[in-house]
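Novice: Handing over protein.csv, CSV, C-alpha atoms.
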```
chain,number,residue,atom,x,y,z
S,17,MET,CA,98.6,121.6,114.6
S,18,ALA,CA,101.1,119.0,115.8
S,19,GLN,CA,104.8,119.7,116.3
S,20,ILE,CA,106.1,117.4,113.5
S,21,GLY,CA,105.4,117.6,109.8
S,22,ILE,CA,106.0,114.5,107.8
S,23,PHE,CA,106.6,114.9,104.1
S,24,PHE,CA,107.6,112.2,101.6
S,25,GLY,CA,108.2,111.6,97.9
S,26,SER,CA,107.2,108.3,96.4
S,27,ASP,CA,106.8,106.5,93.2
S,28,THR,CA,105.5,103.0,94.1
S,29,GLY,CA,104.0,103.9,97.4
S,30,SER,CA,106.6,102.2,99.7
S,31,THR,CA,107.8,105.5,101.1
S,32,ARG,CA,104.3,106.6,101.7
S,33,LYS,CA,103.7,103.4,103.7
S,34,VAL,CA,106.7,104.0,105.8
S,35,ALA,CA,105.7,107.7,106.4
S,36,LYS,CA,102.3,106.4,107.6
S,37,GLN,CA,104.0,103.9,109.8
S,38,LEU,CA,106.2,106.6,111.4
S,39,HIS,CA,103.2,108.8,111.9
S,40,LYS,CA,101.4,105.9,113.7
S,41,LEU,CA,104.4,105.3,116.0
S,42,LEU,CA,104.6,109.1,116.8
S,43,GLY,CA,100.9,109.5,117.3
S,44,ASP,CA,98.5,112.3,116.3
S,45,GLU,CA,99.6,114.5,119.3
S,46,LEU,CA,103.1,114.8,118.0
S,47,ALA,CA,102.8,114.5,114.2
S,48,ASP,CA,100.4,115.6,111.6
S,49,LYS,CA,99.4,113.1,108.9
S,50,PRO,CA,102.1,112.5,106.2
S,51,VAL,CA,101.9,114.7,103.1
S,52,ASN,CA,103.2,113.8,99.6
S,53,ILE,CA,105.7,116.4,98.7
S,54,ASN,CA,103.9,116.9,95.4
S,55,ARG,CA,101.0,118.4,97.3
S,56,ALA,CA,103.1,120.7,99.5
S,57,ASP,CA,104.9,124.1,99.1
S,58,ALA,CA,107.7,125.8,101.0
S,59,ALA,CA,105.2,127.4,103.4
S,60,ALA,CA,103.9,123.9,104.4
S,61,LEU,CA,107.3,122.8,105.5
S,62,ALA,CA,108.1,126.2,107.2
S,63,ALA,CA,105.1,125.8,109.4
S,64,TYR,CA,106.7,123.1,111.5
S,65,ASP,CA,109.6,123.3,114.0
S,66,ILE,CA,110.4,119.6,113.4
S,67,LEU,CA,110.3,117.9,110.0
S,68,ILE,CA,110.6,114.3,109.0
S,69,LEU,CA,111.4,114.0,105.3
S,70,GLY,CA,111.5,110.7,103.4
S,71,THR,CA,112.5,109.6,99.9
S,72,PRO,CA,113.3,106.5,97.9
S,73,THR,CA,116.4,106.4,95.7
S,74,LEU,CA,115.5,105.6,92.1
S,75,GLY,CA,117.7,104.3,89.3
S,76,ASP,CA,121.3,105.2,89.7
S,77,GLY,CA,120.9,107.4,92.7
S,78,GLN,CA,118.1,109.8,91.7
S,79,LEU,CA,115.5,111.6,93.7
S,80,PRO,CA,112.0,110.6,92.6
S,81,GLY,CA,110.6,112.9,89.9
S,82,LEU,CA,109.6,113.1,86.3
S,83,SER,CA,113.1,112.6,85.0
S,84,ALA,CA,113.4,109.4,87.0
S,85,ASP,CA,110.3,108.1,85.1
S,86,CYS,CA,107.9,108.7,88.0
S,87,GLN,CA,104.2,109.1,87.1
S,88,GLU,CA,103.9,112.3,89.2
S,89,GLU,CA,106.1,115.1,90.3
S,90,SER,CA,108.0,114.5,93.5
S,91,TRP,CA,111.2,115.7,95.3
S,92,GLU,CA,113.0,116.6,92.1
S,93,GLU,CA,110.3,119.2,91.2
S,94,PHE,CA,110.1,120.4,94.8
S,95,MET,CA,113.8,121.1,95.1
S,96,PRO,CA,113.6,124.7,93.8
S,97,ASN,CA,111.3,125.5,96.8
S,98,PHE,CA,114.3,125.0,99.1
S,99,ASP,CA,115.8,128.2,97.6
S,100,GLU,CA,113.1,130.2,99.5
S,101,LEU,CA,113.2,128.1,102.7
S,102,ASP,CA,115.1,129.2,105.8
S,103,LEU,CA,115.2,126.2,108.1
S,104,ALA,CA,117.4,127.8,110.8
S,105,GLY,CA,116.2,126.7,114.2
S,106,LYS,CA,114.3,123.8,112.8
S,107,LYS,CA,115.2,120.1,113.4
S,108,VAL,CA,114.9,117.7,110.4
S,109,ALA,CA,115.0,113.9,110.5
S,110,LEU,CA,115.4,112.0,107.3
S,111,PHE,CA,114.5,108.5,106.1
S,112,GLY,CA,115.3,106.8,102.9
S,113,LEU,CA,114.5,103.6,101.0
S,114,GLY,CA,116.9,101.9,98.7
S,115,ASP,CA,118.1,98.5,97.4
S,116,GLN,CA,121.6,97.7,98.7
S,117,VAL,CA,121.9,94.6,96.5
S,118,SER,CA,120.9,95.9,93.0
S,119,TYR,CA,122.2,99.4,93.6
S,120,ALA,CA,125.2,98.8,95.9
S,121,ASP,CA,127.2,101.7,94.4
S,122,GLU,CA,124.5,104.3,94.9
S,123,PHE,CA,122.6,102.9,97.9
S,124,VAL,CA,120.2,105.6,99.2
S,125,ASP,CA,122.0,108.4,97.4
S,126,ALA,CA,118.8,110.4,97.2
S,127,LEU,CA,118.8,110.6,101.0
S,128,GLY,CA,122.3,112.2,100.8
S,129,GLU,CA,121.0,114.7,98.3
S,130,LEU,CA,118.0,115.6,100.6
S,131,TYR,CA,120.4,115.9,103.5
S,132,ASP,CA,122.7,118.3,101.6
S,133,VAL,CA,119.8,120.6,100.7
S,134,VAL,CA,118.3,120.9,104.2
S,135,VAL,CA,121.8,121.6,105.7
S,136,GLU,CA,122.2,124.3,103.1
S,137,CYS,CA,118.9,125.8,104.4
S,138,CYS,CA,120.5,125.8,107.9
S,139,ALA,CA,118.4,123.0,109.4
S,140,GLU,CA,119.8,120.9,112.3
S,141,VAL,CA,119.6,117.3,111.1
S,142,VAL,CA,118.9,114.7,113.8
S,143,GLY,CA,118.3,110.9,113.7
S,144,SER,CA,121.5,109.5,112.2
S,145,TRP,CA,121.5,105.8,111.8
S,146,PRO,CA,124.2,103.1,112.1
S,147,LEU,CA,125.7,101.3,109.1
S,148,ASP,CA,125.5,97.9,110.9
S,149,GLY,CA,123.4,95.3,109.1
S,150,TYR,CA,123.7,96.7,105.6
S,151,ASP,CA,126.0,95.5,102.8
S,152,PHE,CA,126.7,98.0,100.1
S,153,ASN,CA,129.7,99.5,98.3
S,154,GLN,CA,129.0,103.2,98.4
S,155,SER,CA,126.4,105.8,99.6
S,156,ALA,CA,126.1,109.5,99.4
S,157,ALA,CA,124.0,109.2,102.6
S,158,VAL,CA,127.0,108.3,104.8
S,159,LEU,CA,128.6,110.9,107.0
S,160,ASP,CA,131.0,110.2,109.8
S,161,GLU,CA,130.5,106.5,109.6
S,162,ARG,CA,126.7,106.7,109.9
S,163,PHE,CA,123.8,107.2,107.6
S,164,VAL,CA,122.3,110.7,107.7
S,165,GLY,CA,118.9,109.2,108.6
S,166,LEU,CA,117.0,106.0,108.9
S,167,VAL,CA,117.7,103.7,106.0
S,168,LEU,CA,115.3,100.9,104.9
S,169,ASP,CA,115.8,98.2,102.3
S,170,LYS,CA,112.3,96.8,101.7
S,171,ASP,CA,113.5,94.8,98.7
S,172,ASN,CA,116.1,92.8,100.6
S,173,GLN,CA,115.4,93.3,104.3
S,174,ALA,CA,111.6,93.9,104.6
S,175,SER,CA,111.5,91.8,107.8
S,176,LEU,CA,113.6,94.5,109.5
S,177,THR,CA,111.5,97.5,108.6
S,178,ASP,CA,109.1,97.5,111.6
S,179,ASP,CA,111.9,97.1,114.2
S,180,ARG,CA,114.1,99.7,112.5
S,181,CYS,CA,111.2,102.2,112.4
S,182,ALA,CA,110.3,101.6,116.0
S,183,THR,CA,113.9,101.9,117.1
S,184,TRP,CA,114.4,105.1,115.1
S,185,VAL,CA,111.2,106.8,116.4
S,186,ALA,CA,112.3,106.0,120.0
S,187,GLN,CA,115.7,107.5,119.1
S,188,LEU,CA,114.1,110.6,117.7
S,189,LYS,CA,111.9,111.1,120.8
S,190,ALA,CA,115.0,110.9,123.0
S,191,GLU,CA,117.0,113.3,120.8
S,192,LEU,CA,114.2,115.8,120.5
S,193,ALA,CA,113.1,115.4,124.1
S,194,LEU,CA,109.5,114.6,123.1
```
The structure in this file should be written as structure tokens.

Specialist:
Amino acid sequence: MAQIGIFFGSDTGSTRKVAKQLHKLLGDELADKPVNINRADAAALAAYDILILGTPTLGDGQLPGLSADCQEESWEEFMPNFDELDLAGKKVALFGLGDQVSYADEFVDALGELYDVVVECCAEVVGSWPLDGYDFNQSAAVLDERFVGLVLDKDNQASLTDDRCATWVAQLKAELAL
């Protein structure tokens, strides 16, 4: 088993594609293939020392899930599993997808929600990301003048996705001494 587990929630498949891209950049030696969170349980996450968790933000700041009109269960339905997770000693990197133009007041808010729950489980969050290059009003995913993880806007800045992913993976490798 590789050192890094990659888990994602998705509705349209964009977050899955980014998870696969991150896996490819990390390589099979470091990371296992990405798993949709609706096919995982708490034990699956607990098996790794390093986690990369990804989510889109839907509607007015929601995690993907049935109440956000997703076709399948996702992060919303997985959230109760965090009650039984102790992530102490684990490092967690987060990535989120959002639309800074149409949802400027809740840009990548679901990423902030995911951050809050992993911190509650005593994880050490790594991989914060600069605010430079984004234009939004408000985000629950901003802490200390940085995003809590990699932020991608495939709706308005798709051409920046590849470079941002590569830069973030290089940053993670340095932070985690991989």

Novice: Taking only C-alpha atoms into account, which of S:Ala182, S:Val164, S:Leu159, S:Ala126 comes nearest Ala84 of chain S?

Specialist: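 Comparing S:Ala182, S:Val164, S:Leu159, S:Ala126 against Ala84 of chain S, the winner is S:Ala126.
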
Novice: At a cut-off of 12 Å, can you tabulate as a Markdown table every residue of segment 94-114 of chain S near segment 151-157 of chain S together with its closest atom pair and the distance in Å to one decimal, using all atoms listed in the file and ordering rows by chain then number?

Specialist:
```
| residue | atom | partner | partner_atom | distance |
| --- | --- | --- | --- | --- |
| S:Leu110 | CA | S:Ala157 | CA | 10.2 |
| S:Phe111 | CA | S:Ala157 | CA | 10.1 |
| S:Gly112 | CA | S:Ala157 | CA | 9.0 |
| S:Leu113 | CA | S:Ala157 | CA | 11.1 |
| S:Gly114 | CA | S:Ser155 | CA | 10.3 |
```

Novice: Using only C-alpha atoms, find the one residue out of S:Leu69, S:Ala58, S:Leu127, S:Val158 that sits nearest to Arg32 of chain S.

Specialist: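 For Arg32 of chain S, the nearest of the candidates is S:Leu69.
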
Novice: Using all atoms listed in the file, which of the listed residues (S:Ala174, S:Leu166, S:Leu42, S:Ala63) sits closest to Asp115 of chain S?

Specialist: S:Ala174

Novice: Kindly give the distance, in Å, that separates atom CA of Val108 of chain S and atom CA of Glu45 of chain S, rounded to a single decimal.

Specialist: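 Atom-to-atom, atom CA of Val108 of chain S to atom CA of Glu45 of chain S, that is 18.0 Å.
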
Novice: Would you pick out the contacts of Gly165 of chain S at 12 Å or less, using all atoms listed in the file, so that residues sharing its chain but fewer than 2 positions from it are not included, and give the list as a PyMOL selection string?

Specialist: chain S and resi 68-71+108-113+124-131+141-147+156-159+161-163+167-168+180-181+184-185+187-188

Novice: I'd like the neighbourhood of Leu67 of chain S as an MDAnalysis selection string, where a residue qualifies if any of its atoms comes within 12 Å (using only C-alpha atoms), though same-chain residues fewer than 3 positions away should be ignored.

Specialist: chainID S and resid 18:24 35 39 46:51 60:64 70 103 105:111 134 139:143 188 192

Novice: Rank S:Ile66, S:Leu79, S:Ala120, S:Cys137 by their smallest atom-to-atom distance to Leu101 of chain S, using only C-alpha atoms, and report the top residue only.

Specialist: S:Cys137

Novice: Rounded to one decimal, what separation in Å do you get between atom CA of Lys33 of chain S and atom CA of Leu82 of chain S?

Specialist: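 Atom-to-atom, atom CA of Lys33 of chain S and atom CA of Leu82 of chain S are spaced 20.8 Å apart.
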
Novice: Tell me, in Å to one decimal, how far atom CA of Asp121 of chain S is from atom CA of Gly75 of chain S.

Specialist: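 If I compute the distance from atom CA of Asp121 of chain S to atom CA of Gly75 of chain S, I get 11.1 Å.
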
Novice: Nearest to Phe98 of chain S among S:Ser26, S:Cys138, S:Ala186, S:Lys40, with distances taken over all atoms listed in the file: which residue is it?

Specialist: S:Cys138

Novice: From the list S:Asn97, S:Asp85, S:Gly149, S:Ser118, which residue is nearest Leu176 of chain S when using only C-alpha atoms?

Specialist: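 Selected residue with least distance to Leu176 of chain S: S:Gly149.
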
Novice: Contacts of Cys86 of chain S at 12 Å or less, counting all atoms listed in the file, minus same-chain residues fewer than 4 places along, as a ChimeraX atom specification?

Specialist: /S:25-29,54,72-75,78-82,90-93
